[in-house]
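Single-structure report; data block below.
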Amino acid sequence: MFIFLPLLAWIAIFWLINKNRTDWRESLILTSTYWGILIAVITEFLSIFKLITFGWILATWGLICIILIYICFRLNSQNSKILDTKNYFQANKNIQIPSFVNLLLCGVGFVVAIVGLIAIIAPPNNWDSMDYHMSRVAHWIQNHSIAHYPTNYTPQLYQNPWSEFVILHFQILSGGDYFANLVQWFSMIGCIIAVSLIAKKLEADLRGQVFSAVITATIPMGILQASNTQNDYVLAFRVVCLAYYLLSAIEARRRDIWTNSFNIGSSIGLAILSKGTAYFYVFPFLIWFGFYQIKNLRWKIWKPALIVGSISLLLNISHYLRNYNLFGSPLGEPGGYRNEVLGINIVISNILRNIALHIGTPIGLWNGITNRLIQIIHIFIGVDVNDPRITFSKSFFVPGGWSTIGISGNENSAENLVHLVLIIICIRIFISRKYIRQESNVLDYLITTAATFFLFCYFVKWQAWNSRLHLPFFILMSPFLGVVLSKLKNEKIAIVIVTFLLISSLPWVFCNRYKPIFDNNNIFQTQRIEQYFSNRPYLKNTYIGAVEFLNSKKCSTIGLSMGNDPWEYPFWVLWQQKNQEMVKIQHINVTNISAVLEKEDSYKDFEPCGIISMETKKSKNNKYQEINFKGKTYLRAWDSPDLGIFIK
């Protein structure tokens, strides 16, 4: 279990950074930023020479740890300040910690601990994880490189890869995917800490900082995502780090321009490297930073602009080049998610429909009425509510429909109703209370955060699972909400609100649809292999049967003909468990742009002894009796309703 090496490196970096700082929270997010850069640099460098192997990954992290520990020992003679919250509060003697604050922190700790337990015990089983998050990691490990490869599903290639870089290191060093979900869970912890720091920069007292942490920890979509391998929480962490570094730069004025610009550029680069929607969340903060620096530095603004731009580009240049060389665009293949028409009425439509994703309730009548009301508003603004030019899903609906029972524990579409209501109430309070509006930078922060949501609605088509893409927005709003609640004259109201948030979050903690704790099929009683198929349980026996058949034929070079259904990661897991020999898996008869990669030396000599043909309704593959590949004929030798096995 050599996974401790990257974590040991993180601890050593933290020790070095925290040595001369008074707030361990700032040291923690700085450490996470620099460690994130380290992950990207190591992965890209080793990939150039096809050295993504256990030996080289182990040696690299071992060397880094030795160097860092040596530096730590060399500096040991100096007085260092290690993570010690007690000393931190002692250094601020004017801060009194009320008992209810300790209780709130315990509540946050409970939520985080249970979600972390789920993340470790339950395997990755999110649909996107099976399609590309985990599948691409498996291909990288097999290819010893993160270079693009021929595949039936191009998002495995062009999607932003930083989260999977971390999973790649964890998986190689641990020999399995037991720690894959922790990338999002660590990001959850980072967000909880970072929003409390942002609240501090916005002049919130200790209560406001804790309120911000509670609000972040109880976001339903965040709770559900923190135990899977999606990357919205990873993006959220990078964006809140950016917001904190920006506020630090404003506070420092002309001091530490180089350091603050480097941190801002690093956060932007890592955010973009983590997820494509980063552009919508980064751009408004970049505009705020630009206006402030023009006011502060005037013509010398080129200095921070050069640093921010250079660092951001350097972190993404390798992935941009891989995409450009294959797809002709640094962003990869167009996915059809961008609005095809623009205008004020389009923005209004998308704002309404995106908000609607968070107003579903267990009351079916409410959902039906709001659905109809939004359709009526669309008649007045002259927009078809189901216009395919601004709608990626087939048709608009308020989640739940007319007969909703219970809550949505779905990590792809859960709504954040309570938090949405709280945002609306706090904005109303903020506008009406002059003494709150006068707080430093709060108004600028609110406008910038709101702009991220408007920008998203302006460019991105509505789809049923947009609610998970809103997670960074809700987390960015948490410091603002914490500030407003802490300024309420009646403190009991704020305490009741955050306590309610903690209690109301428990159903999402314990009733995750695909990783339940309280259920007949809970994560403690259900076999791990079965949990991989939580989204598609009917495929379990089919996949197992296919792998066992190919093993019985001693077939270890497998071709995949997936069609439009790239649900492939369970195959990798099954072969790892059931086959002692090295199995090579490669997509064949690829018809998209990545087919040109089949001619490269690494893939052109591939000759499978067996082919798995995905024949689900989603795949759109026809049921043939034979498949031709590179002039060889493969005959159907094993059959099921969803899969066919062909032997040469």
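Following the order of the structure tokens, first chain is A, next is B, and so on, with residues numbered from 1 inside each chain and ligands from 1 in the order they appear.
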Item to check | Residue neighbourhood segment 390-401 of chain A, 10 Å, only C-alpha atoms, exclusion window fewer than 6 positions, as a ChimeraX atom specification | outcome: /A:336-342,346-347,349-350,353-372,374-375,383-384,407-408,413-415,457-465
Any chance you can output those residues with N, CA and C atoms as a compact mmCIF listing (two decimals), in the first residue's frame?
# COMPACT_ATOMS: atom_id res chain seq x y z
N GLY A 336 -22.09 19.48 -28.42
CA GLY A 336 -23.48 19.87 -28.63
C GLY A 336 -24.14 20.47 -27.42
N TYR A 337 -23.33 20.91 -26.43
CA TYR A 337 -23.90 21.47 -25.20
C TYR A 337 -24.06 22.99 -25.25
N ARG A 338 -23.50 23.63 -26.23
CA ARG A 338 -23.54 25.09 -26.30
C ARG A 338 -24.83 25.57 -26.94
N ASN A 339 -25.39 26.64 -26.39
CA ASN A 339 -26.60 27.23 -26.96
C ASN A 339 -26.36 27.64 -28.41
N GLU A 340 -27.30 27.30 -29.27
CA GLU A 340 -27.16 27.62 -30.69
C GLU A 340 -27.75 28.99 -31.03
N VAL A 341 -28.56 29.53 -30.14
CA VAL A 341 -29.08 30.89 -30.29
C VAL A 341 -28.87 31.63 -28.98
N LEU A 342 -28.65 32.94 -29.07
CA LEU A 342 -28.37 33.75 -27.89
C LEU A 342 -29.33 34.93 -27.85
N ILE A 346 -33.37 34.22 -24.19
CA ILE A 346 -32.75 32.91 -24.00
C ILE A 346 -32.15 32.80 -22.61
N VAL A 347 -31.50 33.88 -22.17
CA VAL A 347 -30.92 33.89 -20.82
C VAL A 347 -32.01 33.73 -19.77
N SER A 349 -34.91 32.35 -20.13
CA SER A 349 -35.40 30.98 -20.21
C SER A 349 -34.48 30.01 -19.47
N ASN A 350 -33.19 30.11 -19.74
CA ASN A 350 -32.26 29.17 -19.12
C ASN A 350 -32.11 29.40 -17.61
N ARG A 353 -35.21 27.75 -16.12
CA ARG A 353 -35.20 26.30 -16.22
C ARG A 353 -34.08 25.69 -15.37
N ASN A 354 -32.95 26.38 -15.24
CA ASN A 354 -31.90 25.86 -14.37
C ASN A 354 -32.27 25.98 -12.90
N ILE A 355 -32.94 27.07 -12.53
CA ILE A 355 -33.43 27.18 -11.16
C ILE A 355 -34.46 26.10 -10.88
N ALA A 356 -35.27 25.78 -11.90
CA ALA A 356 -36.31 24.76 -11.73
C ALA A 356 -35.74 23.41 -11.34
N LEU A 357 -34.47 23.15 -11.70
CA LEU A 357 -33.85 21.87 -11.34
C LEU A 357 -33.69 21.71 -9.84
N HIS A 358 -33.83 22.83 -9.09
CA HIS A 358 -33.62 22.78 -7.64
C HIS A 358 -34.91 23.02 -6.85
N ILE A 359 -36.05 23.08 -7.51
CA ILE A 359 -37.28 23.39 -6.78
C ILE A 359 -38.21 22.18 -6.70
N GLY A 360 -37.73 21.02 -7.13
CA GLY A 360 -38.54 19.82 -6.97
C GLY A 360 -38.69 19.45 -5.50
N THR A 361 -39.86 18.96 -5.12
CA THR A 361 -40.14 18.58 -3.74
C THR A 361 -40.83 17.21 -3.73
N PRO A 362 -40.99 16.61 -2.55
CA PRO A 362 -41.78 15.36 -2.47
C PRO A 362 -43.25 15.56 -2.76
N ILE A 363 -43.67 16.83 -2.95
CA ILE A 363 -45.08 17.13 -3.23
C ILE A 363 -45.25 17.22 -4.74
N GLY A 364 -45.85 16.20 -5.33
CA GLY A 364 -46.00 16.16 -6.76
C GLY A 364 -46.83 17.30 -7.32
N LEU A 365 -47.85 17.75 -6.58
CA LEU A 365 -48.70 18.83 -7.04
C LEU A 365 -47.89 20.11 -7.22
N TRP A 366 -46.99 20.39 -6.27
CA TRP A 366 -46.13 21.57 -6.36
C TRP A 366 -45.27 21.52 -7.62
N ASN A 367 -44.69 20.37 -7.87
CA ASN A 367 -43.83 20.23 -9.04
C ASN A 367 -44.61 20.45 -10.34
N GLY A 368 -45.82 19.92 -10.41
CA GLY A 368 -46.64 20.09 -11.59
C GLY A 368 -47.04 21.53 -11.82
N ILE A 369 -47.40 22.24 -10.73
CA ILE A 369 -47.81 23.64 -10.85
C ILE A 369 -46.64 24.51 -11.32
N THR A 370 -45.47 24.34 -10.71
CA THR A 370 -44.31 25.15 -11.10
C THR A 370 -43.89 24.84 -12.53
N ASN A 371 -44.02 23.57 -12.92
CA ASN A 371 -43.71 23.20 -14.30
C ASN A 371 -44.60 23.97 -15.27
N ARG A 372 -45.90 23.99 -14.97
CA ARG A 372 -46.85 24.68 -15.85
C ARG A 372 -46.61 26.19 -15.84
N ILE A 374 -43.78 27.82 -15.40
CA ILE A 374 -42.59 28.14 -16.21
C ILE A 374 -42.93 28.06 -17.70
N GLN A 375 -43.77 27.11 -18.08
CA GLN A 375 -44.18 27.00 -19.48
C GLN A 375 -44.98 28.23 -19.90
N VAL A 383 -40.31 32.08 -26.21
CA VAL A 383 -39.32 31.01 -26.35
C VAL A 383 -40.02 29.67 -26.14
N ASP A 384 -39.73 28.72 -27.01
CA ASP A 384 -40.24 27.36 -26.84
C ASP A 384 -39.48 26.70 -25.70
N ILE A 407 -37.18 11.67 -1.60
CA ILE A 407 -36.17 12.60 -2.08
C ILE A 407 -35.37 11.95 -3.20
N SER A 408 -34.64 12.81 -3.93
CA SER A 408 -33.77 12.30 -4.98
C SER A 408 -32.38 12.07 -4.41
N SER A 413 -28.62 14.33 -10.42
CA SER A 413 -29.74 15.26 -10.59
C SER A 413 -30.36 15.75 -9.29
N ALA A 414 -29.70 15.53 -8.15
CA ALA A 414 -30.27 15.97 -6.87
C ALA A 414 -30.41 17.49 -6.85
N GLU A 415 -31.49 17.97 -6.22
CA GLU A 415 -31.73 19.40 -6.15
C GLU A 415 -31.25 19.96 -4.81
N CYS A 457 -25.72 30.01 -17.75
CA CYS A 457 -27.04 29.96 -18.39
C CYS A 457 -27.00 30.55 -19.79
N TYR A 458 -26.13 31.51 -20.03
CA TYR A 458 -26.05 32.17 -21.33
C TYR A 458 -25.49 31.24 -22.40
N PHE A 459 -24.53 30.41 -22.02
CA PHE A 459 -23.82 29.61 -23.02
C PHE A 459 -24.23 28.14 -23.07
N VAL A 460 -24.70 27.57 -21.97
CA VAL A 460 -24.90 26.12 -21.89
C VAL A 460 -26.38 25.76 -22.03
N LYS A 461 -26.65 24.78 -22.86
CA LYS A 461 -28.01 24.28 -23.03
C LYS A 461 -28.54 23.69 -21.72
N TRP A 462 -29.87 23.79 -21.57
CA TRP A 462 -30.49 23.16 -20.42
C TRP A 462 -30.48 21.64 -20.61
N GLN A 463 -30.20 20.94 -19.52
CA GLN A 463 -30.29 19.49 -19.54
C GLN A 463 -30.68 19.02 -18.15
N ALA A 464 -31.22 17.83 -18.06
CA ALA A 464 -31.79 17.34 -16.80
C ALA A 464 -30.76 17.20 -15.70
N TRP A 465 -29.47 17.05 -16.06
CA TRP A 465 -28.44 16.85 -15.04
C TRP A 465 -27.55 18.08 -14.88
Next on the checklist: Residues near Ala243 of chain A, anyone? I mean within 9 Å using only C-alpha atoms, not counting same-chain ones fewer than 6 positions away, as a PyMOL selection string.
Outcome noted: chain A and resi 198+264+285+445+476
Prev. selection, N, CA and C atoms, output as a PDB file, in the first residue's frame:
ATOM      1  N   ILE A 198     -12.662  32.415   2.933  1.00  0.00           N
ATOM      2  CA  ILE A 198     -13.262  33.485   2.131  1.00  0.00           C
ATOM      3  C   ILE A 198     -14.170  34.338   3.009  1.00  0.00           C
ATOM      4  N   ILE A 264      -3.058  32.699  -8.167  1.00  0.00           N
ATOM      5  CA  ILE A 264      -4.263  32.862  -8.982  1.00  0.00           C
ATOM      6  C   ILE A 264      -4.120  32.104 -10.295  1.00  0.00           C
ATOM      7  N   PHE A 285     -14.294  35.978 -12.130  1.00  0.00           N
ATOM      8  CA  PHE A 285     -13.265  36.315 -11.139  1.00  0.00           C
ATOM      9  C   PHE A 285     -12.031  36.905 -11.816  1.00  0.00           C
ATOM     10  N   TYR A 445     -18.065  40.534  -4.378  1.00  0.00           N
ATOM     11  CA  TYR A 445     -18.019  39.068  -4.373  1.00  0.00           C
ATOM     12  C   TYR A 445     -19.363  38.483  -4.818  1.00  0.00           C
ATOM     13  N   LEU A 476     -19.616  28.574  -3.934  1.00  0.00           N
ATOM     14  CA  LEU A 476     -19.140  29.961  -3.955  1.00  0.00           C
ATOM     15  C   LEU A 476     -20.088  30.889  -3.192  1.00  0.00           C
TER      16      LEU A 476
END
Checklist outcome for this item: Counting only C-alpha atoms, closest pick from A:Asn412, A:Asn345, A:Ser32, A:Asn521 relative to Ile379 of chain A is A:Asn345
Checklist entry - Which neighbours of Ala147 of chain A fall inside 10 Å, counting only C-alpha atoms, when residues of the same chain fewer than 5 positions from it are skipped, and could you give them as a PyMOL selection string? => result chain A and resi 44+47-48+50+139-140+157+318-319+322-323
Checklist entry - Which residues come within 8 Å of segment 640-646 of chain A, counting only C-alpha atoms, excluding same-chain residues fewer than 5 positions away, as a list in words? => result Leu539, Thr542, Tyr543, Ala546, Gly610, Ile611, Ile612, Ser613, Met614, Glu615, Thr616, Lys623, Glu626, Ile627, Tyr634 and Leu635 of chain A
Grab the residues selected above and save them as a PDB file, in the first residue's frame with N, CA and C atoms.
ATOM      1  N   LEU A 539     -26.951  -6.001 -16.110  1.00  0.00           N
ATOM      2  CA  LEU A 539     -25.764  -6.335 -16.890  1.00  0.00           C
ATOM      3  C   LEU A 539     -24.751  -7.175 -16.115  1.00  0.00           C
ATOM      4  N   THR A 542     -24.418 -10.850 -17.192  1.00  0.00           N
ATOM      5  CA  THR A 542     -23.965 -10.873 -18.584  1.00  0.00           C
ATOM      6  C   THR A 542     -22.475 -10.587 -18.679  1.00  0.00           C
ATOM      7  N   TYR A 543     -22.017  -9.556 -17.971  1.00  0.00           N
ATOM      8  CA  TYR A 543     -20.600  -9.201 -17.999  1.00  0.00           C
ATOM      9  C   TYR A 543     -19.746 -10.320 -17.403  1.00  0.00           C
ATOM     10  N   ALA A 546     -19.555 -13.232 -19.823  1.00  0.00           N
ATOM     11  CA  ALA A 546     -18.685 -12.954 -20.963  1.00  0.00           C
ATOM     12  C   ALA A 546     -17.218 -13.107 -20.598  1.00  0.00           C
ATOM     13  N   GLY A 610     -10.410 -12.539 -29.183  1.00  0.00           N
ATOM     14  CA  GLY A 610     -11.854 -12.479 -28.994  1.00  0.00           C
ATOM     15  C   GLY A 610     -12.341 -11.050 -29.017  1.00  0.00           C
ATOM     16  N   ILE A 611     -13.594 -10.879 -29.415  1.00  0.00           N
ATOM     17  CA  ILE A 611     -14.182  -9.546 -29.495  1.00  0.00           C
ATOM     18  C   ILE A 611     -15.486  -9.536 -28.702  1.00  0.00           C
ATOM     19  N   ILE A 612     -15.616  -8.499 -27.865  1.00  0.00           N
ATOM     20  CA  ILE A 612     -16.880  -8.280 -27.155  1.00  0.00           C
ATOM     21  C   ILE A 612     -17.658  -7.212 -27.907  1.00  0.00           C
ATOM     22  N   SER A 613     -18.858  -7.560 -28.317  1.00  0.00           N
ATOM     23  CA  SER A 613     -19.713  -6.607 -29.024  1.00  0.00           C
ATOM     24  C   SER A 613     -20.863  -6.190 -28.114  1.00  0.00           C
ATOM     25  N   MET A 614     -20.935  -4.880 -27.815  1.00  0.00           N
ATOM     26  CA  MET A 614     -22.024  -4.353 -26.991  1.00  0.00           C
ATOM     27  C   MET A 614     -23.270  -4.272 -27.857  1.00  0.00           C
ATOM     28  N   GLU A 615     -24.357  -4.939 -27.449  1.00  0.00           N
ATOM     29  CA  GLU A 615     -25.560  -5.017 -28.277  1.00  0.00           C
ATOM     30  C   GLU A 615     -26.807  -4.573 -27.513  1.00  0.00           C
ATOM     31  N   THR A 616     -26.601  -3.592 -26.608  1.00  0.00           N
ATOM     32  CA  THR A 616     -27.734  -3.002 -25.923  1.00  0.00           C
ATOM     33  C   THR A 616     -28.469  -2.055 -26.868  1.00  0.00           C
ATOM     34  N   LYS A 623     -27.059  -7.166 -34.285  1.00  0.00           N
ATOM     35  CA  LYS A 623     -26.613  -8.513 -33.921  1.00  0.00           C
ATOM     36  C   LYS A 623     -26.160  -9.253 -35.184  1.00  0.00           C
ATOM     37  N   GLU A 626     -21.021 -12.561 -37.522  1.00  0.00           N
ATOM     38  CA  GLU A 626     -19.567 -12.490 -37.644  1.00  0.00           C
ATOM     39  C   GLU A 626     -19.129 -11.028 -37.696  1.00  0.00           C
ATOM     40  N   ILE A 627     -17.887 -10.803 -37.276  1.00  0.00           N
ATOM     41  CA  ILE A 627     -17.283  -9.471 -37.304  1.00  0.00           C
ATOM     42  C   ILE A 627     -15.946  -9.571 -38.015  1.00  0.00           C
ATOM     43  N   TYR A 634     -14.246 -13.116 -37.313  1.00  0.00           N
ATOM     44  CA  TYR A 634     -14.556 -13.580 -35.960  1.00  0.00           C
ATOM     45  C   TYR A 634     -16.017 -14.011 -35.936  1.00  0.00           C
ATOM     46  N   LEU A 635     -16.256 -15.246 -35.477  1.00  0.00           N
ATOM     47  CA  LEU A 635     -17.607 -15.807 -35.468  1.00  0.00           C
ATOM     48  C   LEU A 635     -18.218 -15.732 -34.072  1.00  0.00           C
TER      49      LEU A 635
END
Next on the checklist: Applying 9 Å and only C-alpha atoms, which residues near Gln225 of chain A remain after dropping the ones on its own chain fewer than 6 positions away? List them as a PyMOL selection string.
Outcome noted: chain A and resi 184-185+231-233+411-412+468
Next on the checklist: With only C-alpha atoms as the counted atoms, please give the residues lying no more than 10 Å from Gln142 of chain A, apart from itself and same-chain residues fewer than 2 positions off, as a ChimeraX atom specification.
Outcome noted: /A:52-53,136-140,144-146,582-586
Next on the checklist: Here is a test: counting only C-alpha atoms, which residue of A:Ser196, A:Asn296, A:Thr43, A:Asn592 is nearest to Arg25 of chain A?
Outcome noted: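 Under the stated criterion, the closest residue is A:Ser196.
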